[in-house]
Amino acid sequence: MSLEALQDRIREAAARKAPLRLRGGGSKDFYGNAPRGELLDTRAYAGIVSYEPTELVMTARCGTPLAEIEKALEEKGQCLPFEPPHFGEATFGGCVAAGLSGPRRASAGALRDFVLGVKLVDGRGRALTFGGQVMKNVAGYDLARLAAGSLGTLGLIAEASLKVLPVPVCELGLELEMSEATALETMNRWAGQPLPISASAWHRGVLRARLSGSEPAVRAAAERIGGTRLADGKFWRDVREHEHAFFGGSGPLWRLAVASNRPPLGVPGDTLIEWSGGLRWIRGGDAREIAARAGGHATLFRSEGARQGAFAPLDAVVLGLHRRLKAAFDPAGILNPGRMYAEL
Amino acid sequence: MGAALSVERQARVARALREFLPARAVLWEEEDTRPYECDGLTAYRQLPMVVALPETEGEVQRILATCSSMKIPLVPRGAGTGLSGGALPPGDGVLLSMAKFMRVLRVDPAARVAVVQPGVRNAVISEAAAPFGLYYAPDPSSQIACTIGGNVAENSGGVHCLKYGLTVHNVLRLRGFTMAGEPVELGAQGPDAPGYDLLALAIGSEGMLVVVTEVTVKLLPRPQCARVVMASFDDVEKAGQAVADVIAAGIIPAGLEMMDRPATHAVEQFVGAGYDLDAAAILLCESDGTPEEVEDEIERMRAVLSAAGATRMTVSRDEAERLRFWSGRKAAFPAAGRISPDYYCMDGTIPRKRLGEVLKFIAAMEKKYGLRCPNVFHAGDGNLHPLILFDANSPDELHRTELFAAEVLEKCVEVGGTITGEHGVGVEKINQMCVQFGADELELFLAVKRAFDPSMLLNPGKAVPTLARCAEYGRMHVQGGKLPHPELPRF
């Protein structure tokens with residue numbers, strides 16, 4: 001499939017004002033509001049465009065399987081530092097459009113922090129290039145980062161360039177028994193010290209931490225932190241992919257984002273905490289209310305049945321900006337309409 | 001614009017602002033407004049019609065609402081250290097100085113954030129965080145003077161951004177107002193705020209989308225120690241290859257800077273940093289972290305640099321020596337000012353592998369235009385700062401300098417890079433935007449601008465050229481590149 005074919009498809013749909021549902025591997029069909037529109041499958045527009053380890057830049061087309069990207073990086077001792085979840089047969093484009101990050105988010109940064117540039121097909125079928133393949137670039141507004149996490153509502157991310165980093169030389173997991181309150185205090189204290197902690201998670205009385213870096217640094221930190229060593233990295237993979245037992249429960253799954261040092265939110269039932277305390281997964285309950293009380297926001301991450309209102313409502317001024325941006329990128333309103341907010 | 005100042009308009013605007021601002025906060029006499037006529041790009045000057053110096057968010061909101069309803073253009077300004085003319089005032093409008101917003105509102109060591117007003121200087125944030133072992137990572141060379149508000153507008157970097165990121169990676173939340181005076185809060189202290197990433201869009205938007213009144217920044221634990229390897233090379237391309245080799249070895253240095261021989265010679269007589277004056281280029285390669293980590297990394301760096309053909313290597317033995325090695329790099333701009341009446345600093349970024357080609361091109365341009373050009377280079381992230389030395393009193397030298405710079409920036413675009421890595425487009429590089437972007441991209445930039453500011457009053461005429469301007473530049477460029485009235489902001 002060619003870029004022109006993608007452009008033609010969007011142009012043609014815009015002329016008919018026919019909504020399009022942009023979709024890669026469908027691994028995140030569950031995420032956001034219910035998708036609608038004619039299917040535009042991006043998987044045929046695939047392949048790594050360029051990858052130069054010494055430039056720390058990976059450029060690939062949207063339909064490239066995320067697994068293929070990670071394999072190419074691994075062969076050169078590099079990785080996507082934000083550790084994106086796959087949730088199945090994820091594509092590169094879907095990964096960037098969803099903007100989700102994994103366990104390393106609190107220490108390495110989010111997906112959007114690694115976006116260097118995109119080639120975007122907007123709602124008029126125009127192929128537009130923003131950003132580039134270099135680390136520092138402040139020419140023009142940062143529309144590449146804006147596209148990341150926009151769930152395909154501003155344009156089809158046909159190609160993206162991401163900054164990549166070397167795989168840490170040494171990695172080691174530890175677990176310590178402690179209460180939720182103590183764990184939150186501990187994670188935040190660690191994050192304020194020069195320790196090579198690349199991930200942390202608390203669930204049912206156990207705090208787990210992953211150390212990544214040079215061997216001497218990891219060894220010294222492990223001695224300082226104490227606890228028992230984890231056998232391997234399976235725990236972090238399971239948390240990232242929602243294959244950990246916590247995610248096997250039933251009822252709507254909510255993702256609460258709060259200031260990392262917020263004390264326990266006092267939710268009834270099970271909770272799993274990540275990102276030094278900034279991310280708290282809960283099941284059921286009045287999540288929006290709980291998040292608002294804690295000064296954060298809640299996303300309905302997974303639920304059964306028809307989904308609306310997955311994302312926390314925006315205030316009127318910010319929503320107005322969203323609507324005008326949507327109109328600028330997609331005047332006919334055909335790209336993944338309603339997937340993020342009903343108004344977009 | 002640029003036409004004779006309308007005294008009637010000036011009086012009308014000053015009167016409207018005086019209704020809610022004290023006399024000291026509204027300036028219009030030439031002796032008071034003269035200090036605001038330019039920012040760090042002094043070649044472009046324009047006396048503002050009125051300068052407003054608010055002290056509260058409420059005052060900022062009323063100034064914006066007033067200017068909006070009177071259709072008066074407005075340009076925000078921090079410390080005025082910007083290098084691209086982003087804060088060049090409007091001759092027929094209001095310059096909004098945020099200089100009085102200089103309070104650190106809150107340092108929360110447990111959450112590792114600081115909430116500050118936009119007029120707080122970059123270095124002051126790290127000073128406020130220091131008692132808790134924390135600091136604010138982005139460190140532009142002007143950090144003792146530049147403000148966080150200006151850093152947000154320009155997405156400023158520094159010498160440590162390969163490892164620690166730019167402003168966009170270290171700011172969590174902004175509060176401010178649109179041009180119409182509507183309050184906005186972008187981002188959040190918690191991760192991944194809902195909706196589009198308007199925080200990222202606002203950062204680096206050169207003060208054209210929102211006026212920022214409060215900034216929440218991320219604080220990091222200060223590394224326990226840092227050491228730097230200074231390596232000499234007898235050839236600049238070898239030095240460039242050494243940079244690639246360091247990264248290929250899986251090392252992300254805390255800082256990785258290159259200076260060519262003209263640059264080391266210029267600074268050495270100025271600061272006495274102990275640079276190897278025989279080297280064609282020197283690299284400064286820094287490691288930071290725990291003592292164990294640094295020792296291990298420095299050994300790995302030395303091995304790679306040695307294999308890449310370094311002719312001499314010195315590792316800083318203590319903090320004083322480390323700072324001395326850096327002092328030359330940090331003094332590069334003032335040193336250029338010492339050996340030449342004026343200098344013009346460029347800011348292109350290129351893929352690192354094209355460094356040799358671009359440096360050869362710059363050398364050829366030195367001959368073509370008869371001007372010297374030492375190079376300092378954020379080698380780790382490909383950001384070049386060639387410094388063209390000239391004498392502004394010679395109109396011909398200034399003109400040749402502008403042509404020289406335009407050719408270099410266009411070369412950066414040609415090799416897959418960008419016209420500006422960290423200084424911004426402002427008024428300075430607005431014509432080169434026509435080279436870097438096509439008509440469709442520019443049109444979308446303008447549409448984004450209108451989504452925030454439909455009346456096009458906030459910092460008008462900066463950063464994004466109109467298609468008409470590009471058409472004009474294209475024509476002029478063919479005729480030899482003479483800039484049409486560069487002093488005139490226009491949209």
# chains A, B, ... in the order shown; residues from 1 in each chain; ligands from 1
$ select_by_dssp --residues "region 87-254 of chain A" --states "strand (DSSP E or B)" --output "ChimeraX atom specification"
/A:91,115-121,127-131,156-163,165-166,170-177,197-203,206-213,228-229,253-254
$ residues_around --residues "Ala308 (chain B)" --least-positions-apart "3" --cutoff "8 Å" --atoms "only C-alpha atoms" --output "MDAnalysis selection string"
chainID B and resid 238:239 241:242 245 304:305
$ write_last_selection --atoms "N, CA and C atoms" --output "compact mmCIF listing (two decimals), in the first residue's frame"
# COMPACT_ATOMS: atom_id res chain seq x y z
N LYS B 238 37.04 13.00 12.56
CA LYS B 238 37.34 11.94 13.53
C LYS B 238 36.61 12.21 14.84
N ALA B 239 36.58 13.47 15.23
CA ALA B 239 35.87 13.83 16.47
C ALA B 239 34.39 13.52 16.32
N GLN B 241 33.08 11.25 14.38
CA GLN B 241 32.91 9.80 14.42
C GLN B 241 33.01 9.28 15.86
N ALA B 242 33.88 9.91 16.64
CA ALA B 242 34.02 9.50 18.05
C ALA B 242 32.70 9.67 18.80
N ASP B 245 30.58 6.84 17.95
CA ASP B 245 31.09 5.63 18.59
C ASP B 245 30.68 5.54 20.06
N VAL B 304 36.49 4.07 24.38
CA VAL B 304 35.90 4.36 23.06
C VAL B 304 36.62 5.54 22.39
N LEU B 305 36.87 6.60 23.15
CA LEU B 305 37.51 7.79 22.58
C LEU B 305 38.93 7.47 22.11
$ interface_residues --of "chain A" --to "chain B" --cutoff "7 Å" --atoms "only C-alpha atoms" --output "ChimeraX atom specification"
/A:53-55,113,128,134-143,145-146,150,166,188-189,192-194,214,216-217,257-261,278,296,311-312,317-318,321,324-325,328
$ closest_residue --among "A:Pro263, A:Gly277, A:Gly205, A:Gly320" --to "Trp190 (chain A)" --atoms "only C-alpha atoms"
A:Gly277
$ select_by_dssp --residues "region 221-444 of chain B" --states "helix (DSSP H, G or I)" --output "short mmCIF file (atom, residue, chain, number, x, y, z; two decimals) with N, CA and C atoms, in the first residue's frame"
data_model
loop_
_atom_site.label_atom_id
_atom_site.label_comp_id
_atom_site.auth_asym_id
_atom_site.auth_seq_id
_atom_site.Cartn_x
_atom_site.Cartn_y
_atom_site.Cartn_z
N VAL B 236 38.40 17.11 12.55
CA VAL B 236 37.04 17.29 13.07
C VAL B 236 36.14 16.10 12.72
N GLU B 237 36.38 15.50 11.57
CA GLU B 237 35.52 14.36 11.21
C GLU B 237 35.76 13.17 12.13
N LYS B 238 37.04 13.00 12.56
CA LYS B 238 37.34 11.94 13.53
C LYS B 238 36.61 12.21 14.84
N ALA B 239 36.58 13.47 15.23
CA ALA B 239 35.87 13.83 16.47
C ALA B 239 34.39 13.52 16.32
N GLY B 240 33.84 13.82 15.14
CA GLY B 240 32.43 13.53 14.88
C GLY B 240 32.16 12.04 14.94
N GLN B 241 33.08 11.25 14.38
CA GLN B 241 32.91 9.80 14.42
C GLN B 241 33.01 9.28 15.86
N ALA B 242 33.88 9.91 16.64
CA ALA B 242 34.02 9.50 18.05
C ALA B 242 32.70 9.67 18.80
N VAL B 243 31.97 10.74 18.48
CA VAL B 243 30.67 10.98 19.11
C VAL B 243 29.73 9.82 18.78
N ALA B 244 29.69 9.44 17.50
CA ALA B 244 28.83 8.32 17.09
C ALA B 244 29.26 7.03 17.79
N ASP B 245 30.58 6.84 17.95
CA ASP B 245 31.09 5.63 18.59
C ASP B 245 30.68 5.54 20.06
N VAL B 246 30.73 6.69 20.74
CA VAL B 246 30.32 6.71 22.15
C VAL B 246 28.88 6.24 22.27
N ILE B 247 28.02 6.77 21.40
CA ILE B 247 26.60 6.42 21.48
C ILE B 247 26.36 4.97 21.05
N ALA B 248 27.12 4.54 20.02
CA ALA B 248 26.98 3.15 19.57
C ALA B 248 27.39 2.18 20.68
N ARG B 261 38.95 24.20 16.35
CA ARG B 261 40.15 24.93 16.76
C ARG B 261 39.92 26.45 16.87
N PRO B 262 39.26 27.07 15.87
CA PRO B 262 39.03 28.52 16.03
C PRO B 262 38.27 28.84 17.32
N ALA B 263 37.37 27.97 17.71
CA ALA B 263 36.60 28.23 18.93
C ALA B 263 37.47 28.07 20.18
N THR B 264 38.30 27.01 20.23
CA THR B 264 39.14 26.83 21.42
C THR B 264 40.15 27.97 21.53
N HIS B 265 40.69 28.41 20.36
CA HIS B 265 41.65 29.51 20.41
C HIS B 265 40.98 30.79 20.91
N ALA B 266 39.74 31.01 20.48
CA ALA B 266 39.03 32.22 20.90
C ALA B 266 38.80 32.22 22.40
N VAL B 267 38.40 31.07 22.96
CA VAL B 267 38.04 31.07 24.39
C VAL B 267 39.27 30.96 25.29
N GLU B 268 40.31 30.27 24.79
CA GLU B 268 41.46 30.01 25.67
C GLU B 268 42.09 31.31 26.16
N GLN B 269 42.22 32.28 25.25
CA GLN B 269 42.83 33.56 25.65
C GLN B 269 41.91 34.33 26.59
N PHE B 270 40.66 33.93 26.63
CA PHE B 270 39.65 34.64 27.43
C PHE B 270 39.54 34.03 28.82
N VAL B 271 39.47 32.70 28.92
CA VAL B 271 39.25 32.07 30.23
C VAL B 271 40.38 31.15 30.70
N PRO B 291 29.09 7.66 42.45
CA PRO B 291 30.54 7.54 42.22
C PRO B 291 30.90 6.25 41.47
N GLU B 292 30.22 5.13 41.83
CA GLU B 292 30.52 3.84 41.18
C GLU B 292 30.18 3.92 39.70
N GLU B 293 29.00 4.49 39.42
CA GLU B 293 28.50 4.60 38.06
C GLU B 293 29.45 5.45 37.21
N VAL B 294 29.88 6.57 37.77
CA VAL B 294 30.70 7.51 37.03
C VAL B 294 32.07 6.90 36.73
N GLU B 295 32.63 6.23 37.71
CA GLU B 295 33.94 5.63 37.50
C GLU B 295 33.88 4.61 36.37
N ASP B 296 32.83 3.79 36.40
CA ASP B 296 32.63 2.76 35.38
C ASP B 296 32.44 3.41 34.00
N GLU B 297 31.61 4.44 33.94
CA GLU B 297 31.29 5.05 32.65
C GLU B 297 32.48 5.81 32.07
N ILE B 298 33.22 6.50 32.93
CA ILE B 298 34.39 7.24 32.46
C ILE B 298 35.39 6.27 31.81
N GLU B 299 35.57 5.10 32.43
CA GLU B 299 36.49 4.11 31.84
C GLU B 299 36.03 3.68 30.46
N ARG B 300 34.72 3.43 30.34
CA ARG B 300 34.17 3.02 29.03
C ARG B 300 34.32 4.15 28.00
N MET B 301 34.07 5.38 28.43
CA MET B 301 34.21 6.53 27.52
C MET B 301 35.66 6.65 27.03
N ARG B 302 36.60 6.51 27.97
CA ARG B 302 38.01 6.64 27.61
C ARG B 302 38.42 5.59 26.58
N ALA B 303 37.92 4.38 26.78
CA ALA B 303 38.26 3.30 25.85
C ALA B 303 37.74 3.61 24.45
N VAL B 304 36.49 4.07 24.38
CA VAL B 304 35.90 4.36 23.06
C VAL B 304 36.62 5.54 22.39
N LEU B 305 36.87 6.60 23.15
CA LEU B 305 37.51 7.79 22.58
C LEU B 305 38.93 7.47 22.11
N SER B 306 39.59 6.64 22.87
CA SER B 306 40.94 6.25 22.51
C SER B 306 40.93 5.45 21.20
N ALA B 307 40.01 4.50 21.11
CA ALA B 307 39.90 3.69 19.89
C ALA B 307 39.51 4.56 18.69
N GLU B 319 35.98 18.76 41.21
CA GLU B 319 34.91 19.63 40.73
C GLU B 319 35.47 20.92 40.14
N ALA B 320 36.53 21.45 40.75
CA ALA B 320 37.10 22.70 40.25
C ALA B 320 37.62 22.51 38.83
N GLU B 321 38.28 21.38 38.60
CA GLU B 321 38.82 21.14 37.26
C GLU B 321 37.69 20.90 36.25
N ARG B 322 36.66 20.18 36.69
CA ARG B 322 35.53 19.94 35.80
C ARG B 322 34.91 21.28 35.36
N LEU B 323 34.71 22.17 36.32
CA LEU B 323 34.11 23.47 36.00
C LEU B 323 35.04 24.29 35.09
N ARG B 324 36.36 24.11 35.30
CA ARG B 324 37.30 24.85 34.45
C ARG B 324 37.21 24.35 33.00
N PHE B 325 37.11 23.02 32.83
CA PHE B 325 36.97 22.48 31.47
C PHE B 325 35.71 23.03 30.79
N TRP B 326 34.63 23.15 31.58
CA TRP B 326 33.37 23.65 31.01
C TRP B 326 33.38 25.16 30.80
N SER B 327 34.24 25.85 31.57
CA SER B 327 34.19 27.32 31.54
C SER B 327 34.43 27.84 30.13
N GLY B 328 35.31 27.18 29.39
CA GLY B 328 35.59 27.62 28.03
C GLY B 328 34.37 27.46 27.13
N ARG B 329 33.70 26.33 27.28
CA ARG B 329 32.51 26.09 26.46
C ARG B 329 31.42 27.10 26.79
N LYS B 330 31.24 27.33 28.09
CA LYS B 330 30.17 28.26 28.49
C LYS B 330 30.51 29.70 28.11
N ALA B 332 31.96 30.57 25.34
CA ALA B 332 32.21 30.65 23.89
C ALA B 332 31.60 31.91 23.27
N PHE B 333 30.39 32.24 23.69
CA PHE B 333 29.73 33.39 23.06
C PHE B 333 30.40 34.71 23.47
N PRO B 334 30.58 34.92 24.80
CA PRO B 334 31.29 36.14 25.18
C PRO B 334 32.69 36.23 24.56
N ALA B 335 33.36 35.08 24.44
CA ALA B 335 34.70 35.11 23.85
C ALA B 335 34.65 35.55 22.39
N ALA B 336 33.62 35.09 21.68
CA ALA B 336 33.47 35.51 20.29
C ALA B 336 33.26 37.02 20.24
N GLY B 337 32.52 37.53 21.24
CA GLY B 337 32.29 38.96 21.30
C GLY B 337 33.57 39.74 21.57
N ARG B 338 34.55 39.06 22.14
CA ARG B 338 35.81 39.72 22.47
C ARG B 338 36.76 39.81 21.28
N ILE B 339 36.71 38.79 20.43
CA ILE B 339 37.65 38.80 19.31
C ILE B 339 37.04 39.44 18.07
N ARG B 352 23.78 13.64 13.30
CA ARG B 352 25.20 13.69 13.65
C ARG B 352 26.11 13.19 12.54
N LYS B 353 25.62 12.16 11.80
CA LYS B 353 26.49 11.55 10.79
C LYS B 353 26.82 12.53 9.66
N ARG B 354 26.09 13.63 9.52
CA ARG B 354 26.37 14.59 8.45
C ARG B 354 27.27 15.72 8.93
N LEU B 355 27.82 15.59 10.13
CA LEU B 355 28.61 16.67 10.71
C LEU B 355 29.79 17.09 9.83
N GLY B 356 30.57 16.10 9.37
CA GLY B 356 31.75 16.41 8.58
C GLY B 356 31.38 17.22 7.34
N GLU B 357 30.33 16.78 6.67
CA GLU B 357 29.86 17.45 5.46
C GLU B 357 29.44 18.90 5.75
N VAL B 358 28.73 19.08 6.85
CA VAL B 358 28.23 20.42 7.18
C VAL B 358 29.40 21.34 7.59
N LEU B 359 30.36 20.79 8.33
CA LEU B 359 31.51 21.63 8.72
C LEU B 359 32.33 22.05 7.50
N LYS B 360 32.45 21.13 6.53
CA LYS B 360 33.15 21.50 5.29
C LYS B 360 32.39 22.60 4.55
N PHE B 361 31.08 22.47 4.55
CA PHE B 361 30.24 23.47 3.90
C PHE B 361 30.44 24.84 4.56
N ILE B 362 30.47 24.83 5.91
CA ILE B 362 30.66 26.10 6.63
C ILE B 362 32.02 26.71 6.28
N ALA B 363 33.05 25.85 6.19
CA ALA B 363 34.39 26.34 5.83
C ALA B 363 34.37 26.99 4.44
N ALA B 364 33.62 26.37 3.53
CA ALA B 364 33.52 26.93 2.18
C ALA B 364 32.79 28.28 2.21
N MET B 365 31.79 28.40 3.08
CA MET B 365 31.05 29.66 3.19
C MET B 365 31.94 30.77 3.78
N GLU B 366 32.86 30.37 4.69
CA GLU B 366 33.78 31.36 5.26
C GLU B 366 34.57 32.02 4.13
N LYS B 367 35.01 31.18 3.19
CA LYS B 367 35.77 31.71 2.05
C LYS B 367 34.86 32.56 1.16
N LYS B 368 33.68 32.01 0.87
CA LYS B 368 32.76 32.68 -0.06
C LYS B 368 32.40 34.09 0.43
N TYR B 369 32.13 34.22 1.73
CA TYR B 369 31.69 35.51 2.25
C TYR B 369 32.78 36.30 2.94
N ALA B 379 27.29 18.26 20.47
CA ALA B 379 27.53 17.13 19.57
C ALA B 379 26.58 15.97 19.85
N GLY B 380 26.24 15.78 21.12
CA GLY B 380 25.40 14.66 21.49
C GLY B 380 24.05 14.70 20.81
N ASP B 381 23.49 15.89 20.66
CA ASP B 381 22.18 15.95 20.02
C ASP B 381 22.18 16.68 18.69
N PRO B 395 27.69 47.86 6.85
CA PRO B 395 26.43 47.31 6.34
C PRO B 395 26.68 46.11 5.43
N ASP B 396 27.79 46.15 4.72
CA ASP B 396 28.08 45.04 3.82
C ASP B 396 28.38 43.76 4.60
N GLU B 397 29.10 43.89 5.72
CA GLU B 397 29.40 42.69 6.52
C GLU B 397 28.13 42.10 7.12
N LEU B 398 27.25 42.96 7.59
CA LEU B 398 25.98 42.48 8.15
C LEU B 398 25.19 41.74 7.08
N HIS B 399 25.17 42.33 5.90
CA HIS B 399 24.44 41.72 4.80
C HIS B 399 25.05 40.36 4.44
N ARG B 400 26.38 40.31 4.36
CA ARG B 400 27.05 39.03 4.04
C ARG B 400 26.79 38.00 5.13
N THR B 401 26.75 38.48 6.38
CA THR B 401 26.47 37.58 7.50
C THR B 401 25.09 36.94 7.35
N GLU B 402 24.12 37.75 6.99
CA GLU B 402 22.76 37.22 6.84
C GLU B 402 22.68 36.19 5.72
N LEU B 403 23.40 36.45 4.65
CA LEU B 403 23.39 35.50 3.53
C LEU B 403 24.09 34.20 3.93
N PHE B 404 25.22 34.35 4.62
CA PHE B 404 26.00 33.22 5.13
C PHE B 404 25.09 32.34 6.01
N ALA B 405 24.43 32.99 6.97
CA ALA B 405 23.58 32.25 7.90
C ALA B 405 22.44 31.55 7.16
N ALA B 406 21.83 32.24 6.23
CA ALA B 406 20.70 31.64 5.49
C ALA B 406 21.17 30.40 4.74
N GLU B 407 22.36 30.46 4.14
CA GLU B 407 22.86 29.30 3.39
C GLU B 407 23.12 28.13 4.32
N VAL B 408 23.68 28.41 5.50
CA VAL B 408 23.98 27.32 6.45
C VAL B 408 22.68 26.68 6.94
N LEU B 409 21.69 27.51 7.27
CA LEU B 409 20.43 26.95 7.77
C LEU B 409 19.75 26.11 6.69
N GLU B 410 19.82 26.58 5.46
CA GLU B 410 19.19 25.81 4.39
C GLU B 410 19.95 24.50 4.15
N LYS B 411 21.27 24.53 4.39
CA LYS B 411 22.06 23.29 4.31
C LYS B 411 21.60 22.31 5.40
N CYS B 412 21.33 22.84 6.60
CA CYS B 412 20.86 21.98 7.69
C CYS B 412 19.57 21.26 7.28
N VAL B 413 18.66 21.99 6.65
CA VAL B 413 17.41 21.38 6.20
C VAL B 413 17.70 20.33 5.14
N GLU B 414 18.61 20.65 4.22
CA GLU B 414 18.94 19.74 3.12
C GLU B 414 19.47 18.39 3.62
N MET B 433 11.74 29.25 7.43
CA MET B 433 10.59 28.37 7.63
C MET B 433 9.97 27.97 6.29
N CYS B 434 10.09 28.87 5.32
CA CYS B 434 9.55 28.59 3.97
C CYS B 434 10.36 27.49 3.29
N VAL B 435 11.62 27.32 3.74
CA VAL B 435 12.47 26.28 3.15
C VAL B 435 12.20 24.95 3.85
N GLN B 436 12.00 25.03 5.17
CA GLN B 436 11.82 23.79 5.93
C GLN B 436 10.43 23.19 5.76
N ALA B 439 3.74 24.53 1.90
CA ALA B 439 2.59 25.40 2.07
C ALA B 439 1.52 24.76 2.96
N ASP B 440 1.32 23.45 2.83
CA ASP B 440 0.26 22.80 3.61
C ASP B 440 0.59 22.81 5.11
N GLU B 441 1.85 22.55 5.45
CA GLU B 441 2.24 22.57 6.85
C GLU B 441 2.09 23.98 7.43
N LEU B 442 2.56 24.98 6.66
CA LEU B 442 2.47 26.36 7.16
C LEU B 442 1.01 26.76 7.35
N GLU B 443 0.17 26.30 6.44
CA GLU B 443 -1.26 26.64 6.55
C GLU B 443 -1.85 26.03 7.83
N LEU B 444 -1.42 24.80 8.15
CA LEU B 444 -1.94 24.19 9.37
C LEU B 444 -1.40 24.89 10.63
#
$ residues_around --residues "Leu371 (chain B)" --least-positions-apart "6" --cutoff "8 Å" --atoms "only C-alpha atoms" --output "list in words"
Ile388, Leu389, Phe390 and Thr401 of chain B
$ write_last_selection --atoms "N, CA and C atoms" --output "compact mmCIF listing (two decimals), in the first residue's frame"
# COMPACT_ATOMS: atom_id res chain seq x y z
N ILE B 388 29.26 33.38 13.41
CA ILE B 388 29.84 34.19 12.34
C ILE B 388 30.33 35.51 12.96
N LEU B 389 31.61 35.82 12.75
CA LEU B 389 32.19 37.05 13.31
C LEU B 389 32.09 38.15 12.28
N PHE B 390 31.54 39.29 12.68
CA PHE B 390 31.39 40.40 11.73
C PHE B 390 31.39 41.73 12.47
N THR B 401 26.75 38.48 6.38
CA THR B 401 26.47 37.58 7.50
C THR B 401 25.09 36.94 7.35
$ closest_residue --among "A:Lys326, A:Lys71, A:Arg124, A:Arg61" --to "Leu151 (chain A)" --atoms "only C-alpha atoms"
A:Lys326
$ residues_around --residues "Phe92 (chain A)" --least-positions-apart "3" --cutoff "12 Å" --atoms "only C-alpha atoms" --output "VMD selection string"
chain A and resid 23 to 27 42 to 43 45 to 48 58 to 70 80 84 to 86 89 95 to 100 111 118 148 157 to 162
